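Engineer: Have a peek at start07.csv (CSV, C-alpha atoms and all ligand atoms).
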chain,number,residue,atom,x,y,z
A,1,MET,CA,-23.5,4.5,-28.1
A,2,PHE,CA,-27.1,4.2,-26.9
A,3,PRO,CA,-28.1,1.8,-24.1
A,4,PHE,CA,-29.1,-1.7,-25.2
A,5,GLU,CA,-27.5,-1.1,-28.6
A,6,LYS,CA,-25.7,-4.5,-28.6
A,7,PHE,CA,-28.8,-6.2,-27.2
A,8,ILE,CA,-31.2,-5.1,-29.9
A,9,ARG,CA,-28.6,-5.4,-32.7
A,10,GLU,CA,-28.4,-9.2,-31.8
A,11,ARG,CA,-32.2,-9.5,-31.8
A,12,LEU,CA,-33.5,-7.3,-34.7
A,13,THR,CA,-32.9,-7.1,-38.4
A,14,GLU,CA,-30.5,-4.3,-39.5
A,15,LYS,CA,-33.5,-2.2,-40.7
A,16,ARG,CA,-35.4,-2.5,-37.4
A,17,PHE,CA,-32.2,-1.9,-35.4
A,18,ARG,CA,-31.6,1.4,-37.4
A,19,HIS,CA,-35.2,2.4,-36.9
A,20,SER,CA,-34.9,1.8,-33.1
A,21,VAL,CA,-31.8,3.9,-32.9
A,22,ASN,CA,-33.5,6.7,-34.9
A,23,VAL,CA,-36.5,6.6,-32.7
A,24,ALA,CA,-34.3,6.8,-29.6
A,25,ARG,CA,-32.5,9.8,-31.2
A,26,ALA,CA,-35.8,11.5,-32.0
A,27,ALA,CA,-37.1,10.8,-28.5
A,28,ARG,CA,-34.0,12.2,-26.9
A,29,TRP,CA,-34.4,15.4,-29.0
A,30,LEU,CA,-38.1,15.7,-28.1
A,31,ALA,CA,-37.3,15.0,-24.4
A,32,PHE,CA,-34.7,17.8,-24.4
A,33,LYS,CA,-37.0,20.2,-26.2
A,34,TYR,CA,-40.0,19.5,-23.9
A,35,ASP,CA,-38.2,19.1,-20.7
A,36,ALA,CA,-38.8,15.3,-20.2
A,37,ASN,CA,-36.4,12.7,-18.9
A,38,GLU,CA,-33.9,12.1,-21.8
A,39,GLU,CA,-32.5,8.9,-20.4
A,40,LYS,CA,-36.0,7.3,-20.2
A,41,ALA,CA,-36.8,8.6,-23.7
A,42,VAL,CA,-33.7,6.9,-25.1
A,43,ILE,CA,-34.4,3.6,-23.3
A,44,ALA,CA,-38.1,3.5,-24.4
A,45,GLY,CA,-37.1,4.5,-28.0
A,46,MET,CA,-34.5,1.9,-28.2
A,47,LEU,CA,-36.7,-0.9,-26.9
A,48,HIS,CA,-40.1,0.1,-28.3
A,49,ASP,CA,-40.0,-2.4,-31.1
A,50,ILE,CA,-38.1,-5.1,-29.3
A,51,THR,CA,-40.7,-7.9,-30.0
A,52,LYS,CA,-41.8,-6.5,-33.4
A,53,GLU,CA,-40.2,-9.3,-35.3
A,54,TRP,CA,-41.7,-12.1,-33.2
A,55,LYS,CA,-44.1,-14.5,-35.0
A,56,VAL,CA,-47.7,-14.5,-33.9
A,57,HIS,CA,-47.3,-17.8,-32.1
A,58,GLU,CA,-44.4,-16.3,-30.1
A,59,HIS,CA,-46.5,-13.4,-29.0
A,60,MET,CA,-49.3,-15.7,-28.1
A,61,ALA,CA,-47.0,-18.0,-26.1
A,62,PHE,CA,-45.5,-15.0,-24.2
A,63,LEU,CA,-49.0,-13.6,-23.4
A,64,HIS,CA,-50.1,-17.1,-22.3
A,65,ASN,CA,-47.0,-17.8,-20.2
A,66,TYR,CA,-47.3,-14.5,-18.3
A,67,ASN,CA,-51.1,-14.6,-18.2
A,68,ILE,CA,-51.4,-11.2,-20.1
A,69,GLY,CA,-54.9,-10.5,-21.5
A,70,VAL,CA,-55.5,-8.7,-24.8
A,71,THR,CA,-58.8,-7.0,-25.9
A,72,SER,CA,-60.7,-8.1,-29.0
A,73,TYR,CA,-59.4,-4.9,-30.7
A,74,GLU,CA,-55.9,-5.9,-30.1
A,75,TYR,CA,-56.6,-9.5,-31.1
A,76,SER,CA,-58.0,-8.4,-34.4
A,77,SER,CA,-54.9,-6.4,-35.3
A,78,LYS,CA,-51.8,-8.5,-34.8
A,79,LYS,CA,-49.6,-5.4,-35.4
A,80,LEU,CA,-50.6,-4.2,-32.0
A,81,PHE,CA,-49.2,-7.3,-30.2
A,82,HIS,CA,-45.7,-6.1,-30.2
A,83,SER,CA,-46.6,-3.0,-28.1
A,84,ILE,CA,-48.1,-5.3,-25.4
A,85,THR,CA,-45.4,-8.0,-25.5
A,86,GLY,CA,-42.7,-5.4,-25.9
A,87,ALA,CA,-43.7,-3.5,-22.8
A,88,CYS,CA,-44.1,-6.7,-20.8
A,89,PHE,CA,-40.7,-8.0,-22.1
A,90,VAL,CA,-38.9,-4.8,-21.0
A,91,ASN,CA,-40.6,-5.0,-17.6
A,92,ILE,CA,-40.4,-8.8,-16.9
A,93,ILE,CA,-37.4,-10.0,-18.9
A,94,LEU,CA,-35.2,-7.0,-18.9
A,95,LYS,CA,-36.4,-6.1,-15.4
A,96,ILE,CA,-36.9,-2.4,-16.0
A,97,PRO,CA,-39.6,-1.6,-13.5
A,98,ASP,CA,-40.3,2.0,-14.7
A,99,MET,CA,-44.0,2.4,-15.4
A,100,ASP,CA,-43.5,5.4,-17.6
A,101,ILE,CA,-41.2,3.5,-19.9
A,102,PHE,CA,-43.6,0.6,-19.7
A,103,ASN,CA,-46.6,2.8,-20.8
A,104,ALA,CA,-44.5,4.6,-23.4
A,105,ILE,CA,-43.9,1.2,-25.1
A,106,ARG,CA,-47.3,-0.2,-24.3
A,107,PHE,CA,-49.1,2.7,-26.1
A,108,HIS,CA,-46.7,3.6,-28.8
A,109,THR,CA,-49.0,2.1,-31.4
A,110,THR,CA,-52.4,3.2,-30.3
A,111,ALA,CA,-51.8,6.1,-28.0
A,112,ARG,CA,-54.4,6.7,-25.3
A,113,ALA,CA,-56.2,9.5,-23.5
A,114,GLY,CA,-54.2,10.9,-20.6
A,115,MET,CA,-50.8,10.1,-22.0
A,116,SER,CA,-47.7,11.2,-20.0
A,117,LYS,CA,-45.2,13.5,-21.7
A,118,LEU,CA,-42.9,10.5,-22.2
A,119,GLU,CA,-45.7,8.5,-23.9
A,120,LYS,CA,-46.4,11.4,-26.2
A,121,ILE,CA,-42.7,11.7,-27.0
A,122,VAL,CA,-42.2,8.0,-27.9
A,123,TYR,CA,-45.4,7.9,-29.9
A,124,LEU,CA,-44.3,11.0,-31.9
A,125,ALA,CA,-40.7,9.9,-32.2
A,126,ASP,CA,-41.9,6.7,-33.9
A,127,PHE,CA,-43.6,8.9,-36.5
A,128,ILE,CA,-40.8,11.4,-37.2
A,129,SER,CA,-37.7,9.2,-36.8
A,130,GLU,CA,-35.1,9.8,-39.6
A,131,ASP,CA,-36.0,6.6,-41.4
A,132,ARG,CA,-39.6,7.7,-42.0
A,133,CYS,CA,-40.4,9.0,-45.4
A,134,PHE,CA,-44.2,9.1,-45.8
A,135,GLY,CA,-45.8,12.2,-47.4
A,136,GLY,CA,-46.1,14.9,-44.9
A,137,VAL,CA,-43.4,13.7,-42.5
A,138,ASP,CA,-41.4,16.9,-42.9
A,139,LYS,CA,-44.5,18.9,-42.0
A,140,LEU,CA,-45.0,16.7,-38.9
A,141,ARG,CA,-41.3,17.1,-37.9
A,142,ALA,CA,-41.6,20.9,-38.2
A,143,LEU,CA,-44.8,20.8,-36.0
A,144,ALA,CA,-43.0,18.5,-33.5
A,145,SER,CA,-40.3,21.1,-33.1
A,146,PHE,CA,-42.7,23.7,-31.7
A,147,ASN,CA,-45.8,22.0,-30.3
A,148,LEU,CA,-45.8,18.5,-28.8
A,149,ASN,CA,-49.5,18.1,-28.3
A,150,ASP,CA,-50.5,19.4,-31.8
A,151,ALA,CA,-47.9,17.1,-33.4
A,152,VAL,CA,-49.3,14.1,-31.5
A,153,PHE,CA,-52.8,15.1,-32.6
A,154,ALA,CA,-51.6,15.3,-36.2
A,155,GLY,CA,-50.2,11.8,-35.9
A,156,LEU,CA,-53.5,10.5,-34.4
A,157,SER,CA,-55.5,12.3,-37.1
A,158,ASP,CA,-53.4,10.7,-39.9
A,159,THR,CA,-53.7,7.3,-38.4
A,160,ILE,CA,-57.5,7.5,-38.0
A,161,GLN,CA,-57.9,8.7,-41.5
A,162,GLU,CA,-55.7,6.0,-42.9
A,163,LEU,CA,-57.4,3.2,-40.9
A,164,SER,CA,-60.9,4.3,-41.8
A,165,HIS,CA,-59.9,4.7,-45.5
A,166,ASN,CA,-58.8,1.1,-45.5
A,167,ASN,CA,-61.8,-0.1,-43.5
A,168,LYS,CA,-59.6,-1.2,-40.6
A,169,ILE,CA,-60.5,-1.2,-36.9
A,170,ILE,CA,-59.6,1.9,-35.0
A,171,HIS,CA,-58.6,1.1,-31.5
A,172,PRO,CA,-60.7,2.9,-28.8
A,173,ASN,CA,-57.5,4.2,-27.2
A,174,THR,CA,-56.7,6.1,-30.4
A,175,LEU,CA,-60.1,7.6,-30.7
A,176,ASN,CA,-60.0,8.5,-27.0
A,177,ALA,CA,-56.7,10.3,-27.4
A,178,TYR,CA,-58.0,12.1,-30.5
A,179,ASN,CA,-61.2,13.2,-28.7
A,180,GLU,CA,-59.3,14.2,-25.6
A,181,HIS,CA,-57.2,16.6,-27.6
A,182,ILE,CA,-60.3,18.2,-29.2
A,183,LEU,CA,-62.1,18.6,-25.8
A,184,VAL,CA,-59.0,20.1,-24.1
A,185,ASN,CA,-58.6,22.5,-27.0
A,186,GLU,CA,-62.3,23.5,-26.9
A,187,LYS,CA,-62.1,24.0,-23.2
A,188,GLU,CA,-59.0,26.2,-23.5
A,189,LYS,CA,-60.7,28.2,-26.3
A,190,SER,CA,-63.9,28.7,-24.3
A,191,LEU,CA,-61.9,29.7,-21.3
A,192,GLN,CA,-60.1,32.2,-23.4
A,193,ILE,CA,-63.4,33.5,-24.8
A,194,GLY,CA,-64.8,33.7,-21.3
A,195,GLU,CA,-61.8,35.6,-20.0
A,196,TYR,CA,-62.0,37.9,-23.0
A,197,TYR,CA,-65.7,38.8,-22.3
A,198,ILE,CA,-65.1,39.1,-18.5
A,199,SER,CA,-62.2,41.5,-19.0
A,200,LYS,CA,-64.2,43.4,-21.6
A,201,CYS,CA,-67.2,43.7,-19.3
A,202,LEU,CA,-65.2,44.6,-16.3
A,203,SER,CA,-63.6,47.4,-18.2
A,204,THR,CA,-67.0,49.2,-18.6
A,205,LYS,CA,-67.8,51.6,-15.8
A,206,SER,CA,-71.4,50.5,-15.3
A,207,LEU,CA,-70.5,46.8,-14.8
A,208,LYS,CA,-67.6,47.8,-12.5
A,209,LYS,CA,-70.2,49.6,-10.4
A,210,SER,CA,-72.7,46.8,-10.4
A,211,VAL,CA,-70.1,44.2,-9.5
A,212,PHE,CA,-68.1,46.1,-6.9
A,213,ILE,CA,-70.6,48.4,-5.3
B,1,FE,FE,-43.9,-0.4,-33.1
B,2,FE,FE,-41.3,1.7,-34.4
Would you kindly transcribe this structure into structure tokens?

Structural biologist:
Amino acid sequence: MFPFEKFIRERLTEKRFRHSVNVARAARWLAFKYDANEEKAVIAGMLHDITKEWKVHEHMAFLHNYNIGVTSYEYSSKKLFHSITGACFVNIILKIPDMDIFNAIRFHTTARAGMSKLEKIVYLADFISEDRCFGGVDKLRALASFNLNDAVFAGLSDTIQELSHNNKIIHPNTLNAYNEHILVNEKEKSLQIGEYYISKCLSTKSLKKSVFI
């Protein structure tokens, strides 16, 4: 039995309850695979959608009561409310003070640049949980089993394509996470190319002379 199982079963529909358990299971698997904290991964996975079934006015009342601000991007996409109220609910009501769990829930919808390993794990677990059946999910699961960053990037890329295809707003956090991955990859590539040329140059006698004499 996972932590908070009884708690979420009483508050969510059966479908959402099953989804939460599946996300927790996927998050635990990823945490094991990528050497992250499995306990935190399970808790964040179980609770990531804890407020998903709230009505808009319930989200608004909660945000108002606790004086929590939302950006215009979040305001324009009500789907994003549950990641904000969910993280705050877990922190304030359930009194789980862990900031990594907070951020993993807070950014499980949009992602963001500079995500922690736990944030990436919960973001990805939400994509590849057993109950997901969108086209390409098996490919994403396969990718998730050998490269966490590339799998997160594939999730970001799919999300951006789908949102732009439907003329929906793309949250800046999602774009920042996407751009960050490309920049890091380019930097790694150019470093590899640089190292390759330096080692090639140093292997020639003349350069060895000019450098070391
Ligand atoms: Fe969610
Ligand atoms: Fe979810």

Engineer: Enumerate residues in contact with ligand FE 1 (chain B): an atom-to-atom distance of at most 9 Å, counting only C-alpha atoms and all ligand atoms. Format the result as an MDAnalysis selection string.

Structural biologist: chainID A and resid 48:52 79:80 82:83 86 105 108:109 126

Engineer: Can you work out which one of A:Arg112, A:Arg132, A:Lys6, A:Lys78 has the shortest atom-to-atom distance to ligand FE 2 (chain B), counting all atoms listed in the file?

Structural biologist: A:Arg132

Engineer: Could you tell me which of A:Val137, A:Thr13, A:Lys168, A:Leu175 comes closest to Phe153 of chain A if we count all atoms listed in the file?

Structural biologist: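 The shortest atom-to-atom distance to Phe153 of chain A comes from A:Leu175.
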
Engineer: With all atoms listed in the file as the counted atoms, please give the residues lying no more than 10 Å from Asp131 of chain A, apart from itself and same-chain residues fewer than 2 positions off, as a ChimeraX atom specification.

Structural biologist: /A:15-16,18-23,126-129,133-134

Engineer: Choose the residue, out of A:Gly45, A:Phe146, A:Phe32, A:Ser76, that has the smallest atom-to-atom separation from Ala104 of chain A; count all atoms listed in the file.

Structural biologist: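 Ranking A:Gly45, A:Phe146, A:Phe32, A:Ser76 by distance to Ala104 of chain A, first place goes to A:Gly45.
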
Engineer: Hey, can you check how far atom CA of Ile68 of chain A sits from atom CA of Cys88 of chain A?

Structural biologist: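 Computing it gives 8.6 Å between the two atoms.
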
Engineer: List the neighbours of Glu119 of chain A out to 10 Å using only C-alpha atoms; skip same-chain residues closer than 2 positions along the sequence, and give me the result as a compact mmCIF listing (two decimals) with C-alpha atoms, in the coordinates of the input.

Structural biologist:
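Dumped everything to result.txt:
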# COMPACT_ATOMS: atom_id res chain seq x y z
CA ALA A 41 -36.80 8.60 -23.70
CA ALA A 44 -38.10 3.50 -24.40
CA ASP A 100 -43.50 5.40 -17.60
CA ILE A 101 -41.20 3.50 -19.90
CA PHE A 102 -43.60 0.60 -19.70
CA ASN A 103 -46.60 2.80 -20.80
CA ALA A 104 -44.50 4.60 -23.40
CA ILE A 105 -43.90 1.20 -25.10
CA ARG A 106 -47.30 -0.20 -24.30
CA PHE A 107 -49.10 2.70 -26.10
CA HIS A 108 -46.70 3.60 -28.80
CA ALA A 111 -51.80 6.10 -28.00
CA ARG A 112 -54.40 6.70 -25.30
CA GLY A 114 -54.20 10.90 -20.60
CA MET A 115 -50.80 10.10 -22.00
CA SER A 116 -47.70 11.20 -20.00
CA LYS A 117 -45.20 13.50 -21.70
CA ILE A 121 -42.70 11.70 -27.00
CA VAL A 122 -42.20 8.00 -27.90
CA TYR A 123 -45.40 7.90 -29.90
CA LEU A 124 -44.30 11.00 -31.90
CA ALA A 125 -40.70 9.90 -32.20

Engineer: Which of these residues is nearest to Asn147 of chain A, using all atoms listed in the file: A:Thr174, A:Asp98, A:Tyr73, A:Lys120?

Structural biologist: A:Lys120

Engineer: Which residue, A:Gln161, A:Thr110, A:Ser190, A:Asn67, has the smallest gap to ligand FE 2 (chain B) when you use all atoms listed in the file?

Structural biologist: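 For ligand FE 2 (chain B), the nearest of the given residues is A:Thr110.
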
Engineer: For atom CA of Leu118 of chain A and atom CA of Thr85 of chain A, determine how far apart the two atoms are, in Å to one decimal place.

Structural biologist: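 So the answer is 19.0 Å.
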
Engineer: Quick one, how far is atom CA of Asn91 of chain A from atom CA of Thr159 of chain A?

Structural biologist: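 Taking atom CA of Asn91 of chain A and atom CA of Thr159 of chain A, their separation equals 27.5 Å.
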
Engineer: If I put a ball of radius 6 Å at (-45.9, 16.6, -30.8) in the file's coordinates, which residues poke into it when counting all atoms listed in the file, written as a ChimeraX atom specification?

Structural biologist: /A:124,144,147-152

Engineer: Those same residues - C-alpha atoms - I'd like them written as a tab-separated table (two decimals), in the coordinates of the input.

Structural biologist:
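part.tsv, freshly written:
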chain	number	residue	atom	x	y	z
A	124	LEU	CA	-44.30	11.00	-31.90
A	144	ALA	CA	-43.00	18.50	-33.50
A	147	ASN	CA	-45.80	22.00	-30.30
A	148	LEU	CA	-45.80	18.50	-28.80
A	149	ASN	CA	-49.50	18.10	-28.30
A	150	ASP	CA	-50.50	19.40	-31.80
A	151	ALA	CA	-47.90	17.10	-33.40
A	152	VAL	CA	-49.30	14.10	-31.50

Engineer: Which of these, A:Glu162, A:Glu188, A:Glu53, A:Glu38, has the shortest distance to ligand FE 2 (chain B) once you count only C-alpha atoms and all ligand atoms?

Structural biologist: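 The closest residue to ligand FE 2 (chain B) is A:Glu53.
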
Engineer: Using N, CA and C atoms, give me segment 45-80 of chain A from the structure I just pasted, as a PDB file, in the first residue's frame.

Structural biologist:
ATOM      1  N   GLY A  45       4.086  11.636  -6.425  1.00  0.00           N
ATOM      2  CA  GLY A  45       3.253  10.970  -7.432  1.00  0.00           C
ATOM      3  C   GLY A  45       1.829  10.758  -6.932  1.00  0.00           C
ATOM      4  N   MET A  46       1.711  10.300  -5.702  1.00  0.00           N
ATOM      5  CA  MET A  46       0.368  10.048  -5.138  1.00  0.00           C
ATOM      6  C   MET A  46      -0.449  11.332  -5.027  1.00  0.00           C
ATOM      7  N   LEU A  47       0.227  12.431  -4.676  1.00  0.00           N
ATOM      8  CA  LEU A  47      -0.508  13.668  -4.361  1.00  0.00           C
ATOM      9  C   LEU A  47      -0.521  14.696  -5.496  1.00  0.00           C
ATOM     10  N   HIS A  48       0.108  14.382  -6.647  1.00  0.00           N
ATOM     11  CA  HIS A  48       0.295  15.430  -7.660  1.00  0.00           C
ATOM     12  C   HIS A  48      -1.024  15.986  -8.212  1.00  0.00           C
ATOM     13  N   ASP A  49      -2.083  15.164  -8.203  1.00  0.00           N
ATOM     14  CA  ASP A  49      -3.378  15.625  -8.741  1.00  0.00           C
ATOM     15  C   ASP A  49      -4.436  15.771  -7.647  1.00  0.00           C
ATOM     16  N   ILE A  50      -3.987  16.004  -6.420  1.00  0.00           N
ATOM     17  CA  ILE A  50      -4.911  15.971  -5.275  1.00  0.00           C
ATOM     18  C   ILE A  50      -6.055  16.999  -5.391  1.00  0.00           C
ATOM     19  N   THR A  51      -5.799  18.116  -6.085  1.00  0.00           N
ATOM     20  CA  THR A  51      -6.867  19.123  -6.221  1.00  0.00           C
ATOM     21  C   THR A  51      -7.424  19.186  -7.655  1.00  0.00           C
ATOM     22  N   LYS A  52      -7.083  18.188  -8.468  1.00  0.00           N
ATOM     23  CA  LYS A  52      -7.469  18.239  -9.886  1.00  0.00           C
ATOM     24  C   LYS A  52      -8.991  18.256 -10.082  1.00  0.00           C
ATOM     25  N   GLU A  53      -9.711  17.688  -9.144  1.00  0.00           N
ATOM     26  CA  GLU A  53     -11.166  17.631  -9.333  1.00  0.00           C
ATOM     27  C   GLU A  53     -11.912  18.787  -8.657  1.00  0.00           C
ATOM     28  N   TRP A  54     -11.182  19.741  -8.140  1.00  0.00           N
ATOM     29  CA  TRP A  54     -11.828  20.932  -7.577  1.00  0.00           C
ATOM     30  C   TRP A  54     -12.472  21.734  -8.705  1.00  0.00           C
ATOM     31  N   LYS A  55     -13.540  22.418  -8.354  1.00  0.00           N
ATOM     32  CA  LYS A  55     -14.164  23.350  -9.301  1.00  0.00           C
ATOM     33  C   LYS A  55     -13.312  24.629  -9.322  1.00  0.00           C
ATOM     34  N   VAL A  56     -13.470  25.419 -10.404  1.00  0.00           N
ATOM     35  CA  VAL A  56     -12.668  26.643 -10.528  1.00  0.00           C
ATOM     36  C   VAL A  56     -12.848  27.542  -9.298  1.00  0.00           C
ATOM     37  N   HIS A  57     -14.105  27.652  -8.822  1.00  0.00           N
ATOM     38  CA  HIS A  57     -14.327  28.563  -7.679  1.00  0.00           C
ATOM     39  C   HIS A  57     -13.633  28.042  -6.411  1.00  0.00           C
ATOM     40  N   GLU A  58     -13.440  26.716  -6.319  1.00  0.00           N
ATOM     41  CA  GLU A  58     -12.729  26.170  -5.153  1.00  0.00           C
ATOM     42  C   GLU A  58     -11.230  26.528  -5.228  1.00  0.00           C
ATOM     43  N   HIS A  59     -10.688  26.421  -6.434  1.00  0.00           N
ATOM     44  CA  HIS A  59      -9.280  26.835  -6.610  1.00  0.00           C
ATOM     45  C   HIS A  59      -9.134  28.315  -6.254  1.00  0.00           C
ATOM     46  N   MET A  60     -10.066  29.117  -6.789  1.00  0.00           N
ATOM     47  CA  MET A  60      -9.985  30.564  -6.574  1.00  0.00           C
ATOM     48  C   MET A  60     -10.088  30.896  -5.084  1.00  0.00           C
ATOM     49  N   ALA A  61     -11.003  30.222  -4.381  1.00  0.00           N
ATOM     50  CA  ALA A  61     -11.176  30.483  -2.953  1.00  0.00           C
ATOM     51  C   ALA A  61      -9.915  30.110  -2.182  1.00  0.00           C
ATOM     52  N   PHE A  62      -9.318  28.973  -2.539  1.00  0.00           N
ATOM     53  CA  PHE A  62      -8.102  28.520  -1.863  1.00  0.00           C
ATOM     54  C   PHE A  62      -6.963  29.518  -2.102  1.00  0.00           C
ATOM     55  N   LEU A  63      -6.815  29.928  -3.365  1.00  0.00           N
ATOM     56  CA  LEU A  63      -5.743  30.879  -3.712  1.00  0.00           C
ATOM     57  C   LEU A  63      -5.943  32.198  -2.969  1.00  0.00           C
ATOM     58  N   HIS A  64      -7.217  32.608  -2.895  1.00  0.00           N
ATOM     59  CA  HIS A  64      -7.545  33.860  -2.208  1.00  0.00           C
ATOM     60  C   HIS A  64      -7.275  33.745  -0.705  1.00  0.00           C
ATOM     61  N   ASN A  65      -7.742  32.639  -0.104  1.00  0.00           N
ATOM     62  CA  ASN A  65      -7.578  32.440   1.351  1.00  0.00           C
ATOM     63  C   ASN A  65      -6.128  32.464   1.783  1.00  0.00           C
ATOM     64  N   TYR A  66      -5.285  31.875   0.949  1.00  0.00           N
ATOM     65  CA  TYR A  66      -3.868  31.786   1.335  1.00  0.00           C
ATOM     66  C   TYR A  66      -3.007  32.819   0.619  1.00  0.00           C
ATOM     67  N   ASN A  67      -3.696  33.760  -0.037  1.00  0.00           N
ATOM     68  CA  ASN A  67      -2.982  34.875  -0.668  1.00  0.00           C
ATOM     69  C   ASN A  67      -1.901  34.400  -1.651  1.00  0.00           C
ATOM     70  N   ILE A  68      -2.297  33.452  -2.497  1.00  0.00           N
ATOM     71  CA  ILE A  68      -1.361  32.870  -3.469  1.00  0.00           C
ATOM     72  C   ILE A  68      -1.645  33.498  -4.835  1.00  0.00           C
ATOM     73  N   GLY A  69      -0.618  34.073  -5.432  1.00  0.00           N
ATOM     74  CA  GLY A  69      -0.796  34.731  -6.731  1.00  0.00           C
ATOM     75  C   GLY A  69      -0.630  33.770  -7.898  1.00  0.00           C
ATOM     76  N   VAL A  70      -1.329  34.052  -8.983  1.00  0.00           N
ATOM     77  CA  VAL A  70      -1.114  33.283 -10.215  1.00  0.00           C
ATOM     78  C   VAL A  70      -0.807  34.265 -11.343  1.00  0.00           C
ATOM     79  N   THR A  71      -0.039  33.812 -12.307  1.00  0.00           N
ATOM     80  CA  THR A  71       0.301  34.688 -13.439  1.00  0.00           C
ATOM     81  C   THR A  71      -0.853  34.675 -14.446  1.00  0.00           C
ATOM     82  N   SER A  72      -0.784  35.606 -15.408  1.00  0.00           N
ATOM     83  CA  SER A  72      -1.853  35.663 -16.419  1.00  0.00           C
ATOM     84  C   SER A  72      -1.866  34.398 -17.267  1.00  0.00           C
ATOM     85  N   TYR A  73      -0.700  33.766 -17.439  1.00  0.00           N
ATOM     86  CA  TYR A  73      -0.631  32.521 -18.212  1.00  0.00           C
ATOM     87  C   TYR A  73      -1.420  31.433 -17.497  1.00  0.00           C
ATOM     88  N   GLU A  74      -1.210  31.365 -16.172  1.00  0.00           N
ATOM     89  CA  GLU A  74      -1.915  30.340 -15.401  1.00  0.00           C
ATOM     90  C   GLU A  74      -3.409  30.643 -15.349  1.00  0.00           C
ATOM     91  N   TYR A  75      -3.701  31.924 -15.241  1.00  0.00           N
ATOM     92  CA  TYR A  75      -5.110  32.316 -15.165  1.00  0.00           C
ATOM     93  C   TYR A  75      -5.844  31.960 -16.462  1.00  0.00           C
ATOM     94  N   SER A  76      -5.130  32.020 -17.583  1.00  0.00           N
ATOM     95  CA  SER A  76      -5.788  31.753 -18.867  1.00  0.00           C
ATOM     96  C   SER A  76      -5.961  30.254 -19.127  1.00  0.00           C
ATOM     97  N   SER A  77      -5.285  29.437 -18.379  1.00  0.00           N
ATOM     98  CA  SER A  77      -5.429  27.992 -18.571  1.00  0.00           C
ATOM     99  C   SER A  77      -5.767  27.352 -17.226  1.00  0.00           C
ATOM    100  N   LYS A  78      -7.061  27.172 -16.999  1.00  0.00           N
ATOM    101  CA  LYS A  78      -7.522  26.710 -15.671  1.00  0.00           C
ATOM    102  C   LYS A  78      -6.964  25.329 -15.304  1.00  0.00           C
ATOM    103  N   LYS A  79      -6.545  24.597 -16.358  1.00  0.00           N
ATOM    104  CA  LYS A  79      -5.962  23.274 -16.119  1.00  0.00           C
ATOM    105  C   LYS A  79      -4.721  23.358 -15.236  1.00  0.00           C
ATOM    106  N   LEU A  80      -4.091  24.528 -15.275  1.00  0.00           N
ATOM    107  CA  LEU A  80      -2.841  24.684 -14.523  1.00  0.00           C
ATOM    108  C   LEU A  80      -3.085  24.968 -13.038  1.00  0.00           C
TER     109      LEU A  80
END
